[in-house]
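**Student:** Following this line is final.csv, made up of CSV, C-alpha atoms and all ligand atoms:
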chain,number,residue,atom,x,y,z
A,1,MET,CA,-11.2,-20.9,14.0
A,2,SER,CA,-9.3,-21.0,17.3
A,3,ASP,CA,-10.6,-19.1,20.3
A,4,ALA,CA,-7.0,-18.5,21.3
A,5,ILE,CA,-6.7,-15.9,18.5
A,6,MET,CA,-7.9,-12.4,19.5
A,7,ALA,CA,-10.9,-11.6,17.3
A,8,THR,CA,-9.5,-8.4,15.6
A,9,TYR,CA,-10.3,-9.9,12.2
A,10,SER,CA,-13.6,-11.5,11.1
A,11,ARG,CA,-12.0,-14.3,9.2
A,12,LEU,CA,-13.4,-16.2,6.2
A,13,PRO,CA,-14.0,-19.9,6.7
A,14,VAL,CA,-10.9,-21.1,4.8
A,15,THR,CA,-7.3,-22.0,5.7
A,16,PHE,CA,-4.6,-22.1,3.1
A,17,THR,CA,-1.7,-24.5,3.2
A,18,LYS,CA,0.4,-23.6,0.2
A,19,GLY,CA,0.6,-21.3,-2.8
A,20,ALA,CA,2.4,-20.9,-6.1
A,21,ASP,CA,2.3,-17.7,-8.3
A,22,ALA,CA,-1.3,-16.4,-8.3
A,23,ARG,CA,-2.7,-19.7,-6.9
A,24,LEU,CA,-3.5,-21.0,-3.4
A,25,TRP,CA,-4.6,-24.3,-2.0
A,26,ASP,CA,-6.7,-24.9,1.1
A,27,THR,CA,-6.7,-27.8,3.7
A,28,GLU,CA,-8.9,-29.8,1.3
A,29,ASP,CA,-6.4,-29.3,-1.5
A,30,ARG,CA,-8.9,-27.1,-3.4
A,31,GLU,CA,-7.3,-24.6,-5.7
A,32,TYR,CA,-8.1,-20.8,-5.7
A,33,VAL,CA,-7.1,-17.8,-7.8
A,34,ASP,CA,-5.7,-15.0,-5.6
A,35,ALA,CA,-6.8,-11.6,-6.8
A,36,LEU,CA,-5.8,-9.9,-3.6
A,37,SER,CA,-2.2,-10.8,-3.0
A,38,GLY,CA,-2.5,-10.9,0.8
A,39,ILE,CA,-3.7,-7.2,0.5
A,40,ALA,CA,-1.2,-5.9,-2.1
A,41,VAL,CA,1.7,-7.8,-0.4
A,42,CYS,CA,2.6,-10.8,-2.6
A,43,SER,CA,3.0,-8.9,-5.9
A,44,LEU,CA,5.5,-11.5,-7.1
A,45,GLY,CA,3.1,-14.3,-6.2
A,46,HIS,CA,3.3,-17.0,-3.7
A,47,ALA,CA,6.4,-19.2,-3.1
A,48,HIS,CA,8.5,-17.3,-5.7
A,49,PRO,CA,11.6,-19.5,-6.1
A,50,GLU,CA,14.1,-16.7,-6.2
A,51,ILE,CA,12.6,-15.0,-3.1
A,52,ALA,CA,12.4,-18.3,-1.3
A,53,LYS,CA,16.1,-19.0,-2.1
A,54,ALA,CA,17.2,-15.6,-0.9
A,55,ILE,CA,15.3,-16.1,2.4
A,56,SER,CA,16.8,-19.5,2.9
A,57,ASP,CA,20.4,-18.5,2.0
A,58,GLN,CA,20.2,-15.5,4.3
A,59,ALA,CA,18.7,-17.5,7.1
A,60,HIS,CA,21.6,-19.9,6.8
A,61,THR,CA,24.1,-17.0,6.9
A,62,LEU,CA,22.9,-14.2,9.3
A,63,ILE,CA,19.4,-13.1,10.2
A,64,HIS,CA,19.9,-10.2,12.7
A,65,THR,CA,22.6,-8.2,14.4
A,66,SER,CA,20.7,-5.0,15.3
A,67,ASN,CA,21.3,-1.5,13.9
A,68,LEU,CA,24.3,-1.1,16.2
A,69,TYR,CA,26.5,-2.4,13.3
A,70,GLY,CA,26.7,-2.2,9.6
A,71,ILE,CA,24.3,-4.3,7.5
A,72,GLU,CA,25.3,-4.8,3.9
A,73,PRO,CA,21.9,-5.8,2.4
A,74,GLN,CA,20.3,-2.8,4.2
A,75,GLU,CA,22.8,-0.5,2.5
A,76,LYS,CA,22.3,-2.1,-0.9
A,77,LEU,CA,18.5,-2.0,-0.6
A,78,ALA,CA,18.6,1.7,0.5
A,79,SER,CA,20.7,2.7,-2.5
A,80,LYS,CA,18.5,0.8,-4.9
A,81,LEU,CA,15.3,2.3,-3.5
A,82,ALA,CA,16.9,5.8,-3.6
A,83,GLN,CA,17.9,5.3,-7.2
A,84,LEU,CA,14.4,4.1,-8.2
A,85,SER,CA,12.5,6.7,-6.3
A,86,GLY,CA,14.6,9.8,-6.6
A,87,MET,CA,14.9,10.0,-2.9
A,88,GLU,CA,18.1,10.2,-0.9
A,89,GLN,CA,17.9,8.3,2.4
A,90,VAL,CA,15.9,5.4,3.9
A,91,PHE,CA,14.8,4.4,7.4
A,92,PHE,CA,13.7,0.8,7.7
A,93,SER,CA,10.8,-0.4,9.8
A,94,ASN,CA,8.8,-3.7,10.0
A,95,SER,CA,5.4,-2.5,8.8
A,96,GLY,CA,3.5,0.2,7.0
A,97,THR,CA,2.1,1.9,10.1
A,98,GLU,CA,5.6,2.1,11.6
A,99,ALA,CA,6.9,3.7,8.4
A,100,ASN,CA,4.1,6.3,8.8
A,101,GLU,CA,5.0,6.8,12.5
A,102,ALA,CA,8.5,7.6,11.4
A,103,ALA,CA,7.2,10.0,8.7
A,104,ILE,CA,5.0,11.8,11.3
A,105,LYS,CA,7.8,12.0,13.8
A,106,LEU,CA,10.1,13.4,11.0
A,107,ALA,CA,7.5,16.0,10.1
A,108,ARG,CA,7.1,17.2,13.7
A,109,ARG,CA,10.9,17.4,14.3
A,110,TYR,CA,11.3,19.2,11.0
A,111,GLY,CA,8.7,21.7,12.3
A,112,SER,CA,10.4,21.9,15.7
A,113,GLY,CA,13.7,22.8,14.0
A,114,LYS,CA,11.9,25.7,12.3
A,115,GLY,CA,10.4,27.0,15.5
A,116,VAL,CA,6.9,25.6,15.0
A,117,SER,CA,5.5,24.9,18.5
A,118,LEU,CA,2.1,23.3,17.7
A,119,PRO,CA,2.8,21.4,14.4
A,120,LYS,CA,-0.1,20.4,12.2
A,121,ILE,CA,-0.2,17.8,9.4
A,122,ILE,CA,-2.9,18.1,6.8
A,123,VAL,CA,-4.4,14.7,6.0
A,124,VAL,CA,-7.5,13.7,4.0
A,125,GLU,CA,-10.8,12.1,4.5
A,126,GLY,CA,-11.2,8.5,3.4
A,127,SER,CA,-7.4,7.8,4.0
A,128,PHE,CA,-5.9,4.9,5.7
A,129,HIS,CA,-2.5,5.1,7.3
A,130,GLY,CA,-2.4,2.2,9.8
A,131,ARG,CA,-3.4,1.2,13.3
A,132,THR,CA,-0.8,2.6,15.7
A,133,MET,CA,-1.9,5.7,17.6
A,134,ALA,CA,-0.3,8.4,15.4
A,135,ALA,CA,-1.2,6.6,12.1
A,136,LEU,CA,-4.8,6.0,13.2
A,137,SER,CA,-5.1,9.6,14.3
A,138,ALA,CA,-4.0,10.6,10.8
A,139,THR,CA,-6.4,8.1,9.2
A,140,GLY,CA,-9.6,9.8,7.8
A,141,ASN,CA,-12.0,7.1,8.9
A,142,LYS,CA,-14.0,7.6,12.1
A,143,LYS,CA,-14.7,3.8,12.5
A,144,ILE,CA,-11.0,3.1,12.8
A,145,GLN,CA,-10.6,5.8,15.5
A,146,GLU,CA,-13.7,4.9,17.5
A,147,GLY,CA,-13.0,4.0,21.1
A,148,PHE,CA,-9.4,5.1,21.1
A,149,ALA,CA,-9.7,8.7,22.3
A,150,PRO,CA,-7.8,10.8,23.1
A,151,LEU,CA,-6.3,10.7,19.6
A,152,LEU,CA,-3.0,12.4,18.8
A,153,GLU,CA,-3.5,16.1,18.2
A,154,GLY,CA,-2.3,18.0,15.2
A,155,PHE,CA,-4.0,16.3,12.3
A,156,VAL,CA,-6.3,18.5,10.2
A,157,HIS,CA,-8.6,16.4,7.9
A,158,VAL,CA,-9.8,17.9,4.6
A,159,PRO,CA,-11.8,16.2,1.8
A,160,TYR,CA,-9.8,14.1,-0.7
A,161,ASN,CA,-9.0,15.5,-4.1
A,162,ASP,CA,-9.9,19.0,-3.0
A,163,LEU,CA,-7.0,21.5,-3.4
A,164,SER,CA,-8.8,24.6,-2.2
A,165,ALA,CA,-9.6,22.8,1.1
A,166,ILE,CA,-5.9,22.3,1.6
A,167,GLU,CA,-5.3,25.9,0.9
A,168,VAL,CA,-7.9,27.0,3.4
A,169,ALA,CA,-6.3,24.7,6.1
A,170,MET,CA,-2.8,26.0,5.4
A,171,ASP,CA,-1.1,28.2,8.0
A,172,ASP,CA,2.4,28.7,9.4
A,173,GLN,CA,1.9,25.8,11.9
A,174,VAL,CA,1.5,23.3,9.1
A,175,VAL,CA,4.6,21.1,8.8
A,176,ALA,CA,3.4,18.5,6.2
A,177,ILE,CA,0.6,17.3,3.9
A,178,MET,CA,0.2,13.6,3.9
A,179,VAL,CA,-1.8,11.7,1.3
A,180,GLU,CA,-2.0,8.4,-0.5
A,181,PRO,CA,-1.4,8.8,-4.3
A,182,ILE,CA,-4.5,6.5,-4.8
A,183,GLN,CA,-6.6,5.6,-1.8
A,184,GLY,CA,-6.7,1.9,-1.2
A,185,GLU,CA,-8.8,1.0,1.8
A,186,GLY,CA,-10.8,4.1,1.1
A,187,GLY,CA,-12.2,2.5,-2.1
A,188,ILE,CA,-9.6,2.8,-4.9
A,189,ASN,CA,-10.1,6.5,-5.1
A,190,ILE,CA,-8.0,8.1,-7.9
A,191,PRO,CA,-7.5,11.9,-7.6
A,192,ASP,CA,-7.8,14.2,-10.6
A,193,GLU,CA,-4.7,14.6,-12.7
A,194,GLY,CA,-2.5,17.3,-11.3
A,195,TYR,CA,-3.6,16.8,-7.7
A,196,LEU,CA,-0.2,15.6,-6.5
A,197,LYS,CA,1.6,18.3,-8.6
A,198,SER,CA,-0.5,21.0,-7.0
A,199,ILE,CA,0.2,19.6,-3.5
A,200,ARG,CA,3.9,19.8,-4.4
A,201,GLN,CA,3.4,23.5,-5.3
A,202,LEU,CA,1.5,24.2,-2.1
A,203,CYS,CA,4.2,22.5,-0.1
A,204,ASN,CA,6.9,24.6,-1.8
A,205,LYS,CA,4.9,27.8,-1.3
A,206,HIS,CA,4.3,27.2,2.4
A,207,GLY,CA,7.6,25.5,3.3
A,208,CYS,CA,6.1,22.2,4.5
A,209,LEU,CA,6.8,18.6,3.6
A,210,MET,CA,5.0,16.5,1.1
A,211,ILE,CA,4.5,13.0,2.5
A,212,LEU,CA,3.2,10.3,0.3
A,213,ASP,CA,1.9,7.1,1.8
A,214,GLU,CA,2.8,4.6,-1.0
A,215,ILE,CA,2.4,1.6,1.2
A,216,GLN,CA,-0.3,0.1,-1.1
A,217,ALA,CA,0.3,2.0,-4.4
A,218,GLY,CA,4.1,1.7,-4.4
A,219,MET,CA,6.4,-1.1,-5.7
A,220,CYS,CA,5.1,-1.2,-9.3
A,221,ARG,CA,1.4,-1.8,-8.4
A,222,THR,CA,0.0,1.1,-10.3
A,223,GLY,CA,2.2,0.7,-13.4
A,224,THR,CA,5.1,2.7,-12.2
A,225,TRP,CA,7.5,2.0,-9.4
A,226,PHE,CA,5.8,4.6,-7.2
A,227,GLY,CA,2.4,6.3,-7.6
A,228,TYR,CA,3.8,9.8,-7.9
A,229,GLN,CA,5.8,8.9,-11.0
A,230,HIS,CA,2.6,9.2,-13.0
A,231,GLU,CA,2.9,12.9,-12.4
A,232,ASP,CA,6.1,14.9,-12.7
A,233,VAL,CA,6.6,15.4,-9.0
A,234,THR,CA,9.0,14.2,-6.2
A,235,PRO,CA,7.7,14.2,-2.6
A,236,ASP,CA,9.9,14.9,0.4
A,237,VAL,CA,9.0,11.8,2.3
A,238,VAL,CA,7.6,8.4,0.9
A,239,THR,CA,6.5,5.5,3.0
A,240,LEU,CA,6.5,1.9,1.7
A,241,ALA,CA,5.7,-1.6,3.1
A,242,LYS,CA,3.3,-4.2,1.8
A,243,ALA,CA,4.9,-5.5,-1.5
A,244,LEU,CA,8.4,-4.5,-0.5
A,245,GLY,CA,9.2,-7.9,1.1
A,246,ASN,CA,6.6,-10.0,-0.8
A,247,GLY,CA,5.4,-11.2,2.6
A,248,VAL,CA,8.4,-10.9,4.7
A,249,PRO,CA,7.6,-8.0,7.0
A,250,ILE,CA,9.5,-4.8,6.1
A,251,GLY,CA,8.6,-1.1,5.9
A,252,ALA,CA,10.6,1.9,4.8
A,253,MET,CA,10.5,5.7,5.0
A,254,LEU,CA,12.4,7.5,2.3
A,255,ALA,CA,13.4,11.1,2.6
A,256,ARG,CA,15.1,13.7,0.4
A,257,GLY,CA,16.1,17.4,0.5
A,258,GLU,CA,15.1,19.2,3.7
A,259,ALA,CA,13.7,16.0,5.1
A,260,VAL,CA,17.2,14.5,5.2
A,261,GLY,CA,19.1,15.1,8.5
A,262,VAL,CA,16.0,15.7,10.6
A,263,LEU,CA,16.1,12.3,12.4
A,264,VAL,CA,19.6,12.1,13.7
A,265,ALA,CA,21.2,9.5,16.1
A,266,GLY,CA,19.0,8.8,19.1
A,267,THR,CA,15.8,10.4,17.7
A,268,HIS,CA,14.3,7.2,16.2
A,269,GLY,CA,15.0,3.5,15.9
A,270,SER,CA,13.8,-0.1,15.6
A,271,THR,CA,15.3,-3.3,16.9
A,272,PHE,CA,14.2,-5.4,14.0
A,273,GLY,CA,13.9,-2.7,11.4
A,274,GLY,CA,16.1,-3.3,8.3
A,275,ASN,CA,17.7,-6.6,9.5
A,276,PHE,CA,19.6,-8.9,7.2
A,277,LEU,CA,16.7,-11.3,6.5
A,278,ALA,CA,14.2,-8.6,5.6
A,279,CYS,CA,16.6,-6.5,3.5
A,280,ARG,CA,18.1,-9.4,1.6
A,281,THR,CA,14.5,-10.5,0.8
A,282,ALA,CA,13.4,-7.0,-0.3
A,283,LEU,CA,16.5,-6.5,-2.3
A,284,THR,CA,15.7,-9.6,-4.2
A,285,VAL,CA,12.1,-8.4,-4.7
A,286,VAL,CA,13.4,-5.1,-6.1
A,287,GLU,CA,15.9,-6.9,-8.4
A,288,VAL,CA,13.3,-9.3,-9.7
A,289,MET,CA,10.7,-6.6,-10.3
A,290,GLU,CA,13.3,-4.5,-12.2
A,291,ARG,CA,14.6,-7.4,-14.3
A,292,ASP,CA,11.1,-8.7,-15.1
A,293,ALA,CA,9.7,-5.2,-15.9
A,294,MET,CA,6.9,-5.6,-13.3
A,295,ALA,CA,5.8,-1.9,-13.6
A,296,ALA,CA,5.1,-2.3,-17.3
A,297,ARG,CA,3.3,-5.7,-16.7
A,298,ALA,CA,1.1,-4.1,-13.9
A,299,LYS,CA,0.1,-1.4,-16.4
A,300,GLU,CA,-0.6,-3.9,-19.2
A,301,LEU,CA,-2.5,-6.3,-17.0
A,302,GLY,CA,-4.4,-3.4,-15.4
A,303,GLU,CA,-5.6,-2.3,-18.8
A,304,TYR,CA,-6.6,-5.8,-19.6
A,305,PHE,CA,-8.7,-6.0,-16.5
A,306,LEU,CA,-10.4,-2.7,-17.2
A,307,LYS,CA,-11.2,-3.7,-20.7
A,308,GLY,CA,-12.7,-7.0,-19.3
A,309,PHE,CA,-14.8,-5.1,-16.8
A,310,ALA,CA,-15.8,-2.3,-19.1
A,311,SER,CA,-19.3,-3.7,-19.9
A,312,LEU,CA,-20.1,-3.9,-16.1
A,313,ALA,CA,-19.9,-0.1,-16.0
A,314,GLU,CA,-23.0,0.1,-18.2
A,315,LEU,CA,-25.1,-1.9,-15.8
A,316,SER,CA,-27.6,0.1,-13.6
A,317,GLY,CA,-26.5,-1.3,-10.2
A,318,VAL,CA,-22.8,-0.5,-11.0
A,319,LYS,CA,-21.7,3.0,-10.1
A,320,ASP,CA,-18.2,3.0,-11.5
A,321,VAL,CA,-15.3,0.8,-12.7
A,322,ARG,CA,-11.9,2.3,-12.1
A,323,GLY,CA,-8.3,1.5,-11.6
A,324,LYS,CA,-4.7,2.3,-12.3
A,325,GLY,CA,-2.4,-0.6,-13.0
A,326,LEU,CA,-3.4,-3.4,-10.6
A,327,MET,CA,-5.3,-1.2,-8.1
A,328,LEU,CA,-8.8,-2.0,-9.4
A,329,GLY,CA,-12.2,-1.0,-8.0
A,330,ILE,CA,-15.8,-1.9,-9.0
A,331,GLU,CA,-18.1,0.3,-7.1
A,332,LEU,CA,-21.7,-0.9,-6.8
A,333,GLU,CA,-24.8,1.2,-5.9
A,334,LYS,CA,-25.2,-0.6,-2.5
A,335,ASP,CA,-23.0,-2.4,0.1
A,336,CYS,CA,-21.9,-5.8,-1.1
A,337,PRO,CA,-19.8,-7.5,1.7
A,338,GLU,CA,-21.4,-10.9,0.9
A,339,LEU,CA,-19.6,-11.0,-2.5
A,340,VAL,CA,-16.3,-11.9,-0.7
A,341,LEU,CA,-17.7,-15.2,0.5
A,342,GLN,CA,-19.5,-15.9,-2.7
A,343,ALA,CA,-16.2,-15.4,-4.6
A,344,LEU,CA,-14.4,-17.6,-2.2
A,345,GLU,CA,-16.9,-20.4,-2.8
A,346,ALA,CA,-16.2,-19.9,-6.5
A,347,GLY,CA,-12.5,-20.3,-5.8
A,348,LEU,CA,-11.5,-16.7,-6.0
A,349,LEU,CA,-10.0,-14.3,-3.5
A,350,ILE,CA,-11.3,-10.7,-3.7
A,351,ASN,CA,-12.0,-7.9,-1.2
A,352,VAL,CA,-14.7,-5.4,-0.6
A,353,THR,CA,-13.8,-2.1,1.0
A,354,ALA,CA,-15.6,1.1,1.8
A,355,GLY,CA,-18.8,-0.9,1.9
A,356,SER,CA,-19.6,-1.0,-1.8
A,357,VAL,CA,-16.3,-1.2,-3.6
A,358,ILE,CA,-15.0,-4.6,-4.9
A,359,ARG,CA,-11.2,-4.2,-4.6
A,360,LEU,CA,-8.9,-6.3,-6.7
A,361,LEU,CA,-5.1,-6.2,-6.0
A,362,PRO,CA,-3.9,-9.1,-8.1
A,363,PRO,CA,-0.3,-10.4,-8.0
A,364,ILE,CA,1.6,-8.7,-10.9
A,365,VAL,CA,2.7,-12.2,-12.0
A,366,MET,CA,-0.9,-13.2,-12.7
A,367,THR,CA,-1.4,-14.6,-16.3
A,368,ASN,CA,-3.9,-13.4,-18.8
A,369,GLU,CA,-5.7,-16.7,-18.5
A,370,GLN,CA,-6.0,-16.3,-14.7
A,371,ALA,CA,-7.2,-12.7,-15.2
A,372,ASP,CA,-9.9,-14.1,-17.6
A,373,SER,CA,-11.2,-16.4,-14.9
A,374,VAL,CA,-11.2,-13.5,-12.4
A,375,ILE,CA,-13.1,-11.3,-14.8
A,376,GLU,CA,-15.6,-14.0,-15.6
A,377,THR,CA,-16.3,-14.9,-11.9
A,378,VAL,CA,-16.5,-11.3,-10.7
A,379,SER,CA,-18.7,-10.3,-13.6
A,380,ARG,CA,-21.1,-13.2,-12.9
A,381,LEU,CA,-21.3,-12.4,-9.2
A,382,VAL,CA,-21.9,-8.7,-9.8
A,383,LYS,CA,-24.7,-9.4,-12.3
A,384,GLU,CA,-26.3,-11.9,-9.9
A,385,PHE,CA,-26.0,-9.4,-7.0
A,386,ILE,CA,-27.6,-6.5,-8.8
A,387,ALA,CA,-30.2,-8.6,-10.6
A,401,LIG,C1,-1.8,-1.3,4.7
A,401,LIG,C2,-1.6,0.2,4.7
A,401,LIG,C3,-1.0,0.8,5.8
A,401,LIG,C4,-0.7,0.1,7.1
A,401,LIG,O1,0.3,-0.9,6.9
A,401,LIG,P1,0.5,-2.1,8.0
A,401,LIG,O2,1.7,-2.8,7.5
A,401,LIG,O3,-0.7,-2.9,8.1
A,401,LIG,O4,0.8,-1.4,9.3
A,401,LIG,C5,-0.8,2.2,5.8
A,401,LIG,N1,-1.1,2.9,4.7
A,401,LIG,C6,-1.7,2.3,3.6
A,401,LIG,C7,-2.0,3.2,2.4
A,401,LIG,C8,-1.9,1.0,3.6
A,401,LIG,O5,-2.5,0.4,2.5
Before anything else, please render the file you have as structure tokens.
Ligand SMILES: *Cc1c(COP(=O)(O)O)cnc(C)c1O
**Tutor:**
Amino acid sequence: MSDAIMATYSRLPVTFTKGADARLWDTEDREYVDALSGIAVCSLGHAHPEIAKAISDQAHTLIHTSNLYGIEPQEKLASKLAQLSGMEQVFFSNSGTEANEAAIKLARRYGSGKGVSLPKIIVVEGSFHGRTMAALSATGNKKIQEGFAPLLEGFVHVPYNDLSAIEVAMDDQVVAIMVEPIQGEGGINIPDEGYLKSIRQLCNKHGCLMILDEIQAGMCRTGTWFGYQHEDVTPDVVTLAKALGNGVPIGAMLARGEAVGVLVAGTHGSTFGGNFLACRTALTVVEVMERDAMAARAKELGEYFLKGFASLAELSGVKDVRGKGLMLGIELEKDCPELVLQALEAGLLINVTAGSVIRLLPPIVMTNEQADSVIETVSRLVKEFIA
């Protein structure tokens, strides 16, 4: 790989040249099954014809004018997202971490409006919120923070899935609680049922905002449009990115209730955020997902995968097999980073996160036959690894 690329990623020895649905081809024209979707991004698969057409049409019409003027696809996308999410207003960014920066700024300004001078945001261990300074300070992973001190103040980390720890951390300086509905990078960690509902109640009781980072779990991946829709709750702030543009960079922060009207003119902005190209693409993504009932398909295919992997859970080197929709994790007893390269050599893209968790984030358009091949390859590699 080129020395001209800064080595912030340790890259696998493969370069892809084209894709279609859940398949990719490399420079040698070898075919692969993609069970990672560019890390939960290409949920509608690669080179989706309707998405490609929307991008091309919009590029031939108008790409960018800045947010100094009205942007019709941005307005349509915001309305559509509000309707699907139960939220009221949207701020558009270009990435997940920027959506979280916006949410953190919103929470601080909300606190400032209530006279809080040293605002705190409760966040959890094992979380991932992005790589910019505020988002990495919020992230509950020391490795990601190492070497970047001084971090931003005002984040209180508590264990995940632990309501009493939140209660203990709560005081009148707390302006928000921020969590992922299911932890992605952290290892596909699914909280107990009722966790989000109880967080909602705590936020109501203490007058702070409930912020959900749905960057990985949102957009149909877990079998509903948004992760919180598995429980009967509505957060105050939701952040999105990843699958929203199916690969065209776009992020969003959605707000409702008291979180609306906090960021007024001049308090936040983005040159590129929400431009014609990104919003037209994302609008098409949302329309295709809705028309093709992608949330239901993610649920169905997720159950198919879990059934296919069920026998692995019985093996002694396997700690757990878990998932919700198409956020799937197979946790082994020991670290298994080498499985990624072994899978690649077998023509399959997977990921290993948190050391010992095989993470699958397949495109929602994956067929059952492709899923069978993923189940077969992963099962074989796991059995060889633990043998
Ligand atoms: C990927 C991710 C982010 C960061 O998104 P970027 O677009 O890489 O900045 C934040 N939160 C969660 C939960 C993510 O999965």
**Student:** Please find the residues contacting ligand LIG 401 (chain A) at a distance of at most 9 Å between atoms, with all atoms listed in the file counted, and report them as a PyMOL selection string.
**Tutor:** chain A and resi 39-41+94-100+127-132+135+139+179-186+213-217+239-242+249-251
**Student:** Which one is closest to Val365 in chain A: A:Leu81, A:Ala169, A:Ala47, A:Leu312? Count all atoms listed in the file.
**Tutor:**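 Counting all atoms listed in the file, the residue closest to Val365 in chain A is A:Ala47.
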**Student:** Measure the distance from CA of Gln74 in chain A to CA of Ser93 in chain A in Å and round it to one decimal.
**Tutor:**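 CA of Ser93 in chain A lies at a distance of 11.3 Å from CA of Gln74 in chain A.
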**Student:** Have a look at A:Asp292, A:Leu106, A:Cys42, A:Gly223 and name the one nearest to Val248 in chain A; count all atoms listed in the file.
**Tutor:**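 Between A:Asp292, A:Leu106, A:Cys42, A:Gly223, the residue approaching Val248 in chain A most closely is A:Cys42.
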**Student:** Residues of range 300-354 of chain A that have any atom at most 9 Å from an atom of range 22-37 of chain A: could you tabulate them with the shortest-distance atom pair and the distance in Å to one decimal, using only C-alpha atoms, ordered by chain and increasing number, as JSON lines?
**Tutor:**
{"residue": "A:Leu344", "atom": "CA", "partner": "A:Tyr32", "partner_atom": "CA", "distance": 7.9}
{"residue": "A:Ala346", "atom": "CA", "partner": "A:Tyr32", "partner_atom": "CA", "distance": 8.2}
{"residue": "A:Gly347", "atom": "CA", "partner": "A:Tyr32", "partner_atom": "CA", "distance": 4.4}
{"residue": "A:Leu348", "atom": "CA", "partner": "A:Val33", "partner_atom": "CA", "distance": 4.9}
{"residue": "A:Leu349", "atom": "CA", "partner": "A:Asp34", "partner_atom": "CA", "distance": 4.8}
{"residue": "A:Ile350", "atom": "CA", "partner": "A:Ala35", "partner_atom": "CA", "distance": 5.5}
{"residue": "A:Asn351", "atom": "CA", "partner": "A:Leu36", "partner_atom": "CA", "distance": 6.9}
**Student:** What is the CA of Val156 in chain A-CA of Ala259 in chain A distance in Å, reported with one decimal?
**Tutor:** 20.8 Å
**Student:** Determine, counting only C-alpha atoms, every residue of protein, DNA or RNA that lies within 9 Å of (-1.1, 13.6, -8.7) in the file coordinates, then give the result as a list in words.
**Tutor:** Pro181, Ile182, Ile190, Pro191, Asp192, Glu193, Gly194, Tyr195, Leu196, Lys197, Ser198, Ile199, Gly227, Tyr228, Gln229, His230, Glu231, Asp232 and Val233 of chain A
**Student:** Which polymer residues have any atom within 6 Å of an atom of Lys120 in chain A, counting all atoms listed in the file, with same-chain residues fewer than 4 positions away left out, as a PDB file with C-alpha atoms, keeping the file's coordinate frame?
**Tutor:**
ATOM      1  CA  GLY A 154      -2.300  18.000  15.200  1.00  0.00           C
ATOM      2  CA  PHE A 155      -4.000  16.300  12.300  1.00  0.00           C
ATOM      3  CA  GLN A 173       1.900  25.800  11.900  1.00  0.00           C
ATOM      4  CA  VAL A 174       1.500  23.300   9.100  1.00  0.00           C
ATOM      5  CA  VAL A 175       4.600  21.100   8.800  1.00  0.00           C
TER       6      VAL A 175
END
**Student:** Find the distance between CA of Asn141 in chain A and CA of Ile211 in chain A and write it in Å to one decimal.
**Tutor:**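 Those two atoms sit 18.7 Å apart.
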**Student:** Just the residues within 8 Å of Tyr160 in chain A, please, counting all atoms listed in the file, with nothing from its chain fewer than 3 positions along; format it as a PyMOL selection string.
**Tutor:** chain A and resi 124-126+191
**Student:** Of the residues A:Ala310, A:Ala52, A:Leu244, A:Ala295, which is the one nearest to Gly274 in chain A, using all atoms listed in the file?
**Tutor:** A:Leu244
**Student:** Would you list the contacts of Leu62 in chain A as a list in words, taking every protein, DNA or RNA residue within 8 Å and counting all atoms listed in the file, but skipping same-chain residues closer than 4 positions in sequence?
**Tutor:** Gln58, Phe276 and Leu277 of chain A
**Student:** Smallest atom-to-atom distance to Asn189 in chain A: which of A:Thr353, A:Ser311, A:Ser79, A:Ser373, using all atoms listed in the file?
**Tutor:** A:Thr353
**Student:** May I have the residues within 6 Å of Asn275 in chain A as a list in words, using all atoms listed in the file and disregarding those fewer than 3 positions away in the same chain?
**Tutor:** His64, Phe272 and Ala278 of chain A
**Student:** Taking C-alpha atoms for each residue, export the selection above as a CSV table (one decimal), in the frame of the given file.
**Tutor:**
chain,number,residue,atom,x,y,z
A,64,HIS,CA,19.9,-10.2,12.7
A,272,PHE,CA,14.2,-5.4,14.0
A,278,ALA,CA,14.2,-8.6,5.6
**Student:** Select, from A:Gly261, A:Gly317, A:Gly269, A:Gly187, the residue with the minimum atom-to-atom distance to Ala102 in chain A, counting only C-alpha atoms.
**Tutor:** A:Gly269
**Student:** Select all residues near (14.3, 11.6, 18.8) (cut-off 12 Å, inclusive, file coordinates), counting only C-alpha atoms, and output them as a list in words.
**Tutor:**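 Answer for this query, in the requested form: Ala102, Ile104, Lys105, Leu106, Ala107, Arg108, Arg109, Tyr110, Ser112, Gly261, Val262, Leu263, Val264, Ala265, Gly266, Thr267, His268 and Gly269 of chain A.
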**Student:** Of the candidates A:Leu283, A:Leu326, A:Leu44, A:Leu163, which shows the shortest atom-to-atom distance to Arg221 in chain A, using only C-alpha atoms?
**Tutor:** A:Leu326
